[in-house]
>>> print(open('work36.cif').read())   # mmCIF, C-alpha atoms
data_query
loop_
_atom_site.label_atom_id
_atom_site.label_comp_id
_atom_site.auth_asym_id
_atom_site.auth_seq_id
_atom_site.Cartn_x
_atom_site.Cartn_y
_atom_site.Cartn_z
CA LEU A 1240 153.80 23.28 51.08
CA PRO A 1241 153.04 26.73 49.58
CA ALA A 1242 151.60 27.89 52.90
CA GLU A 1243 154.68 26.73 54.82
CA ILE A 1244 156.97 28.57 52.40
CA ALA A 1245 154.82 31.73 52.58
CA LYS A 1246 154.88 31.61 56.40
CA ALA A 1247 158.68 31.73 56.15
CA GLY A 1248 158.31 35.10 54.39
CA PHE A 1249 158.65 34.16 50.73
CA GLN A 1250 156.40 35.16 47.83
CA VAL A 1251 154.92 31.94 46.41
CA GLU A 1252 153.40 30.82 43.14
CA ALA A 1253 151.75 27.42 43.56
CA VAL A 1254 150.93 25.38 40.47
CA GLU A 1255 148.54 22.43 40.73
CA MET A 1256 147.09 20.34 37.91
CA SER A 1257 144.20 18.85 39.92
CA LEU A 1258 141.14 21.09 40.08
CA VAL A 1259 139.94 19.41 43.28
CA LYS A 1260 143.27 20.08 44.99
CA CYS A 1261 143.23 23.68 43.73
CA LEU A 1262 139.76 24.34 45.09
CA PHE A 1263 140.71 22.88 48.46
CA ALA A 1264 144.03 24.76 48.57
CA ASP A 1265 142.32 28.03 47.69
CA ARG A 1266 139.95 27.59 50.61
CA VAL A 1267 142.81 26.80 52.98
CA LEU A 1268 145.00 29.68 51.80
CA LYS A 1269 142.17 32.22 52.19
CA ALA A 1270 140.98 31.04 55.61
CA GLU A 1271 140.78 33.75 58.25
CA SER A 1272 140.83 31.41 61.22
CA ALA A 1273 142.13 27.94 61.96
CA GLU A 1274 139.98 24.83 61.73
CA THR A 1275 137.10 26.55 59.95
CA PHE A 1276 136.66 24.05 57.15
CA ALA A 1277 135.76 20.38 57.62
CA CYS A 1278 136.47 17.78 54.97
CA CYS A 1279 136.41 13.99 54.73
CA PRO A 1280 139.79 13.17 53.15
CA TYR A 1281 139.31 9.40 53.34
CA VAL A 1282 135.74 9.14 52.05
CA THR A 1283 136.75 7.11 48.99
CA GLU A 1284 138.99 4.75 50.99
CA THR A 1285 136.67 1.93 51.94
CA CYS A 1286 139.34 -0.81 52.08
CA ASN A 1287 141.61 -1.55 55.04
CA ARG A 1288 139.33 0.17 57.57
CA ARG A 1289 139.50 -0.73 61.26
CA ARG A 1290 135.99 0.51 61.97
CA LYS A 1291 132.83 0.85 59.94
CA ARG A 1292 132.85 4.68 59.79
CA ASP A 1293 136.61 5.34 59.57
CA HIS A 1294 136.35 6.63 56.01
CA LEU A 1295 133.85 9.27 57.17
CA ARG A 1296 136.24 10.85 59.67
CA GLN A 1297 136.52 14.60 59.31
CA ALA A 1298 139.62 16.73 59.34
CA LYS A 1299 139.49 20.42 60.24
CA THR A 1300 141.60 22.74 58.15
CA PRO A 1301 143.64 24.80 58.00
CA ASP A 1302 145.78 23.86 60.97
CA ALA A 1303 147.24 27.39 60.93
CA VAL A 1304 146.34 30.66 59.23
CA LEU A 1305 148.68 32.57 56.95
CA PRO A 1306 149.64 36.07 58.05
CA ARG A 1307 147.64 38.73 56.15
CA ASN A 1308 150.74 40.00 54.35
CA SER A 1309 151.56 36.55 52.90
CA ALA A 1310 151.91 36.46 49.14
CA VAL A 1311 150.59 33.17 47.72
CA THR A 1312 149.19 32.91 44.23
CA LEU A 1313 147.57 29.62 43.24
CA PHE A 1314 147.40 28.52 39.60
CA HIS A 1315 145.37 25.64 38.21
CA ALA A 1316 147.72 24.69 35.39
CA ASP A 1317 150.19 22.23 34.02
CA PHE A 1318 153.67 23.12 35.26
CA LEU A 1319 155.24 23.15 31.79
CA GLN A 1320 152.54 25.43 30.43
CA HIS A 1321 152.76 27.73 33.46
CA VAL A 1322 156.50 28.33 33.12
CA GLN A 1323 156.55 29.16 29.41
CA GLY A 1324 158.21 32.47 28.64
CA ASP A 1325 161.25 34.25 30.04
CA ARG A 1326 160.26 34.62 33.69
CA GLN A 1327 162.81 33.32 36.19
CA TYR A 1328 162.54 32.35 39.84
CA ASP A 1329 164.81 32.43 42.87
CA GLY A 1330 163.74 28.92 43.82
CA VAL A 1331 161.39 26.01 43.25
CA ALA A 1332 160.16 23.53 45.85
CA GLY A 1333 158.42 20.24 45.16
CA LEU A 1334 156.88 17.42 47.14
CA PHE A 1335 156.45 14.10 45.32
CA TRP A 1336 156.26 16.16 42.14
CA LEU A 1337 159.37 15.93 39.93
CA ASP A 1338 158.31 12.55 38.54
CA SER A 1339 154.67 13.54 37.90
CA GLY A 1340 154.94 14.03 34.13
CA ASN A 1341 155.62 11.63 31.30
CA CYS A 1342 159.20 12.79 30.84
CA ILE A 1343 161.17 13.82 33.90
CA LEU A 1344 163.90 15.16 31.60
CA THR A 1345 161.46 17.79 30.29
CA TYR A 1346 160.85 18.95 33.86
CA ILE A 1347 164.60 19.10 34.56
CA ARG A 1348 165.19 21.22 31.45
CA ALA A 1349 162.32 23.54 32.42
CA LEU A 1350 163.77 23.94 35.93
CA ALA A 1351 167.21 24.75 34.49
CA ARG A 1352 165.61 27.42 32.32
CA ILE A 1353 163.46 29.11 34.98
CA ILE A 1354 165.69 29.03 38.08
CA LYS A 1355 168.16 31.90 38.23
CA PRO A 1356 171.86 31.06 38.64
CA GLY A 1357 172.40 30.76 42.40
CA GLY A 1358 168.73 29.86 42.86
CA VAL A 1359 167.64 26.76 44.73
CA PHE A 1360 165.60 23.66 43.91
CA VAL A 1361 164.45 21.57 46.87
CA HIS A 1362 162.45 18.39 46.50
CA ILE A 1363 161.30 15.32 48.41
CA GLY A 1364 159.96 12.35 46.50
CA ALA A 1365 160.12 8.63 45.91
CA PHE A 1366 160.06 8.58 42.10
CA LEU A 1367 156.71 6.82 41.88
CA TYR A 1368 155.95 7.94 38.34
CA ASN A 1369 152.31 7.45 39.35
CA GLN A 1370 150.85 10.19 37.17
CA SER A 1371 152.16 8.39 34.11
CA ASN A 1372 149.97 5.39 34.98
CA ASP A 1373 146.84 7.52 34.49
CA ASP A 1374 147.88 8.90 31.15
CA SER A 1375 147.29 7.41 27.71
CA ASN A 1376 150.98 8.09 27.03
CA TYR A 1377 152.06 5.67 29.79
CA ALA A 1378 153.80 3.45 27.24
CA VAL A 1379 156.21 6.30 26.40
CA ALA A 1380 156.81 7.52 29.96
CA VAL A 1381 160.47 7.94 30.91
CA MET A 1382 161.03 6.37 34.35
CA LEU A 1383 164.60 7.01 35.43
CA SER A 1384 166.36 5.89 38.59
CA TRP A 1385 167.53 8.49 41.11
CA ASP A 1386 171.13 8.04 39.87
CA GLU A 1387 170.01 8.85 36.31
CA VAL A 1388 167.93 11.84 37.44
CA LYS A 1389 170.83 13.21 39.46
CA GLN A 1390 173.21 12.78 36.53
CA ALA A 1391 170.82 14.64 34.21
CA MET A 1392 170.35 17.46 36.75
CA SER A 1393 174.10 17.77 37.41
CA ARG A 1394 174.59 19.60 34.14
CA TRP A 1395 172.73 22.65 35.54
CA PHE A 1396 172.59 22.02 39.29
CA ASN A 1397 175.12 21.47 42.08
CA PHE A 1398 173.81 19.22 44.85
CA VAL A 1399 174.47 20.60 48.33
CA GLU A 1400 172.35 18.14 50.29
CA GLU A 1401 170.99 14.69 49.56
CA ARG A 1402 169.54 12.17 51.96
CA VAL A 1403 166.97 9.43 52.27
CA VAL A 1404 164.02 10.30 54.50
CA HIS A 1405 161.35 7.92 55.70
CA CYS A 1406 157.97 9.49 55.10
CA TYR A 1407 154.34 8.84 54.42
CA HIS A 1408 152.57 10.55 51.54
CA VAL A 1409 148.78 10.77 51.20
CA THR A 1410 148.21 8.24 53.96
CA ASN A 1411 145.33 7.56 56.30
CA PRO A 1412 147.01 7.13 59.70
CA GLN A 1413 144.16 4.93 60.99
CA SER A 1414 144.14 2.56 58.03
CA LEU A 1415 145.17 -1.08 58.37
CA MET A 1416 147.61 -0.43 55.54
CA GLU A 1417 150.20 2.32 55.29
CA THR A 1418 152.96 2.94 52.78
CA LEU A 1419 156.23 4.23 54.18
CA TYR A 1420 158.52 5.65 51.50
CA ASP A 1421 162.29 5.89 51.52
CA ALA A 1422 162.14 9.19 49.68
CA ILE A 1423 165.03 11.19 48.30
CA SER A 1424 165.30 14.66 49.81
CA PHE A 1425 167.71 17.01 48.08
CA THR A 1426 168.74 20.62 47.75
CA ALA A 1427 170.41 21.71 44.52
CA ILE A 1428 171.75 25.13 43.52
CA ARG A 1429 171.45 26.32 39.91
CA ASN A 1430 174.95 26.74 38.54
CA GLU A 1431 176.15 29.17 35.87
CA VAL A 1432 175.94 26.75 32.92
CA PRO A 1433 173.66 28.46 30.41
CA PHE A 1434 170.47 26.73 29.41
CA GLU A 1435 170.33 25.98 25.70
#
>>> encode(input="work36.cif", output="structure tokens")
Amino acid sequence: LPAEIAKAGFQVEAVEMSLVKCLFADRVLKAESAETFACCPYVTETCNRRRKRDHLRQAKTPDAVLPRNSAVTLFHADFLQHVQGDRQYDGVAGLFWLDSGNCILTYIRALARIIKPGGVFVHIGAFLYNQSNDDSNYAVAVMLSWDEVKQAMSRWFNFVEERVVHCYHVTNPQSLMETLYDAISFTAIRNEVPFE
């Protein structure tokens, strides 16, 4: 996602909590030619295989190279820690991300604080709340419906687009099992209501 946004000409700060994902993303973002790095993205998926060696299939990355003048900075950090302070942004984009913390309301408040009035927040996700399952604080995780999330966001954001999109996320296309999500895709503009 950061590479796609940078290719469109925007300066990008990417924040990722997973060190493994950061290391991989760093390699992809710095590549000087396409398909220079081979990885085995399904190596740990030994269930639902059609063939004996399916989990050992390689993928060549990146599929495209960023222009040399692209501005992408990658941070290995927790989103809430990264956005502390007074810095503001013209926009934030997320992919299956908004629900990744224990309290989605904390993320909404942080977004209202860091996105400039008139700035944009775009997101696609299915509200899996899957990160909460891995955390010792799972019992206190706040898992709201899309209607509740939208209502909470409406204080600081005006929704200009909202639709359901059918999409896969982190899926092995050759597996005997796939999960197709009816994800919510939305674009919201930060209104003038001050953050307090």
>>> residues_near_point(input="work36.cif", point="(167.5, 29.6, 41.0)", cutoff="12 Å", atoms="all atoms listed in the file", output="list in words")
Arg1326, Gln1327, Tyr1328, Asp1329, Gly1330, Val1331, Ala1332, Ala1349, Leu1350, Ala1351, Arg1352, Ile1353, Ile1354, Lys1355, Pro1356, Gly1357, Gly1358, Val1359, Phe1360, Val1361, Trp1395, Phe1396, Asn1397, Thr1426, Ala1427, Ile1428, Arg1429, Asn1430 and Glu1431 of chain A
>>> residues_near_point(input="work36.cif", point="(139.2, 8.0, 53.0)", cutoff="12 Å", atoms="only C-alpha atoms", output="ChimeraX atom specification")
/A:1278-1288,1291-1298,1409-1414
>>> resolve_selection(input="work36.cif", expression="the PyMOL selection byres ((chain A and resi 1421-1423) around 10)", output="list in words")
Phe1335, His1362, Ile1363, Gly1364, Ala1365, Phe1366, Leu1367, Trp1385, Glu1401, Arg1402, Val1403, Val1404, His1405, Cys1406, Tyr1407, His1408, Thr1418, Leu1419, Tyr1420, Ser1424 and Phe1425 of chain A
>>> resolve_selection(input="work36.cif", expression="the PyMOL selection byres ((chain A and resi 1310) around 12)", output="list in words")
Pro1241, Ala1242, Glu1243, Ile1244, Ala1245, Lys1246, Ala1247, Gly1248, Phe1249, Gln1250, Val1251, Glu1252, Ala1253, Leu1268, Lys1269, Leu1305, Pro1306, Arg1307, Asn1308, Ser1309, Val1311, Thr1312 and Leu1313 of chain A
>>> atom_distance(input="work36.cif", atom1="atom CA of Ala1303 of chain A", atom2="atom CA of Leu1262 of chain A")
17.8 Å
>>> resolve_selection(input="work36.cif", expression="the PyMOL selection byres ((chain A and resi 1254) around 12)", output="ChimeraX atom specification")
/A:1240-1241,1251-1253,1255-1258,1260-1261,1264-1265,1311-1322,1331-1334,1336
>>> axis_aligned_box(input="work36.cif", around="segment 1269-1273 of chain A", padding_each_side="6 Å", output="lines of an AutoDock Vina configuration file")
center_x = 141.5
center_y = 30.8
center_z = 57.1
size_x = 13.4
size_y = 17.8
size_z = 21.8
>>> atom_distance(input="work36.cif", atom1="atom CA of Met1416 of chain A", atom2="atom CA of Arg1290 of chain A")
13.3 Å
>>> atom_distance(input="work36.cif", atom1="atom CA of Ile1343 of chain A", atom2="atom CA of Pro1433 of chain A")
19.6 Å
>>> closest_residue(input="work36.cif", among="A:Phe1434, A:Phe1398, A:Phe1276, A:Tyr1346", to="Val1381 of chain A", atoms="all atoms listed in the file")
A:Tyr1346
>>> build_atoms(input="work36.cif", residues="segment 1269-1280 of chain A", atoms="all heavy atoms", output="tab-separated table (two decimals), keeping the file's coordinate frame")
chain	number	residue	atom	x	y	z
A	1269	LYS	N	142.96	31.01	51.92
A	1269	LYS	CA	142.17	32.22	52.19
A	1269	LYS	C	141.48	32.20	53.55
A	1269	LYS	O	140.77	33.15	53.89
A	1269	LYS	CB	141.14	32.42	51.09
A	1269	LYS	CG	141.76	32.77	49.76
A	1269	LYS	CD	140.72	32.94	48.69
A	1269	LYS	CE	141.37	33.34	47.37
A	1269	LYS	NZ	140.38	33.37	46.29
A	1270	ALA	N	141.66	31.15	54.31
A	1270	ALA	CA	140.98	31.04	55.61
A	1270	ALA	C	141.43	32.16	56.54
A	1270	ALA	O	142.60	32.53	56.58
A	1270	ALA	CB	141.27	29.69	56.23
A	1271	GLU	N	140.47	32.69	57.30
A	1271	GLU	CA	140.78	33.75	58.25
A	1271	GLU	C	140.97	33.25	59.66
A	1271	GLU	O	141.44	33.98	60.53
A	1271	GLU	CB	139.68	34.81	58.19
A	1271	GLU	CG	139.66	35.54	56.86
A	1271	GLU	CD	138.64	36.65	56.81
A	1271	GLU	OE1	138.06	37.00	57.86
A	1271	GLU	OE2	138.43	37.19	55.72
A	1272	SER	N	140.59	32.01	59.91
A	1272	SER	CA	140.83	31.41	61.22
A	1272	SER	C	141.09	29.92	61.05
A	1272	SER	O	140.70	29.32	60.05
A	1272	SER	CB	139.65	31.65	62.17
A	1272	SER	OG	138.48	31.06	61.66
A	1273	ALA	N	141.77	29.35	62.02
A	1273	ALA	CA	142.13	27.94	61.96
A	1273	ALA	C	140.91	27.04	62.17
A	1273	ALA	O	139.95	27.43	62.83
A	1273	ALA	CB	143.19	27.62	63.01
A	1274	GLU	N	140.99	25.88	61.59
A	1274	GLU	CA	139.98	24.83	61.73
A	1274	GLU	C	138.56	25.31	61.42
A	1274	GLU	O	137.61	24.98	62.12
A	1274	GLU	CB	140.07	24.20	63.12
A	1274	GLU	CG	141.41	23.54	63.37
A	1274	GLU	CD	141.48	22.75	64.66
A	1274	GLU	OE1	140.53	22.80	65.46
A	1274	GLU	OE2	142.49	22.08	64.85
A	1275	THR	N	138.42	26.05	60.33
A	1275	THR	CA	137.10	26.55	59.95
A	1275	THR	C	136.44	25.70	58.88
A	1275	THR	O	135.25	25.85	58.61
A	1275	THR	CB	137.20	27.98	59.40
A	1275	THR	OG1	138.11	27.99	58.30
A	1275	THR	CG2	137.67	28.94	60.46
A	1276	PHE	N	137.18	24.82	58.26
A	1276	PHE	CA	136.66	24.05	57.15
A	1276	PHE	C	136.82	22.57	57.45
A	1276	PHE	O	137.91	22.10	57.76
A	1276	PHE	CB	137.43	24.44	55.88
A	1276	PHE	CG	137.02	23.70	54.64
A	1276	PHE	CD1	135.73	23.74	54.17
A	1276	PHE	CD2	137.96	22.96	53.93
A	1276	PHE	CE1	135.36	23.07	53.02
A	1276	PHE	CE2	137.61	22.28	52.80
A	1276	PHE	CZ	136.30	22.33	52.33
A	1277	ALA	N	135.72	21.82	57.37
A	1277	ALA	CA	135.76	20.38	57.62
A	1277	ALA	C	135.70	19.63	56.29
A	1277	ALA	O	134.94	20.01	55.39
A	1277	ALA	CB	134.60	19.96	58.51
A	1278	CYS	N	136.52	18.61	56.17
A	1278	CYS	CA	136.47	17.78	54.97
A	1278	CYS	C	136.62	16.32	55.39
A	1278	CYS	O	137.00	16.03	56.52
A	1278	CYS	CB	137.58	18.17	53.99
A	1278	CYS	SG	139.24	17.83	54.60
A	1279	CYS	N	136.29	15.43	54.49
A	1279	CYS	CA	136.41	13.99	54.73
A	1279	CYS	C	137.45	13.44	53.76
A	1279	CYS	O	137.11	12.97	52.67
A	1279	CYS	CB	135.07	13.29	54.53
A	1279	CYS	SG	133.80	13.80	55.68
A	1280	PRO	N	138.74	13.53	54.11
A	1280	PRO	CA	139.79	13.17	53.15
A	1280	PRO	C	139.86	11.69	52.80
A	1280	PRO	O	140.49	11.32	51.83
A	1280	PRO	CB	141.07	13.63	53.85
A	1280	PRO	CG	140.73	13.65	55.29
A	1280	PRO	CD	139.28	13.99	55.38
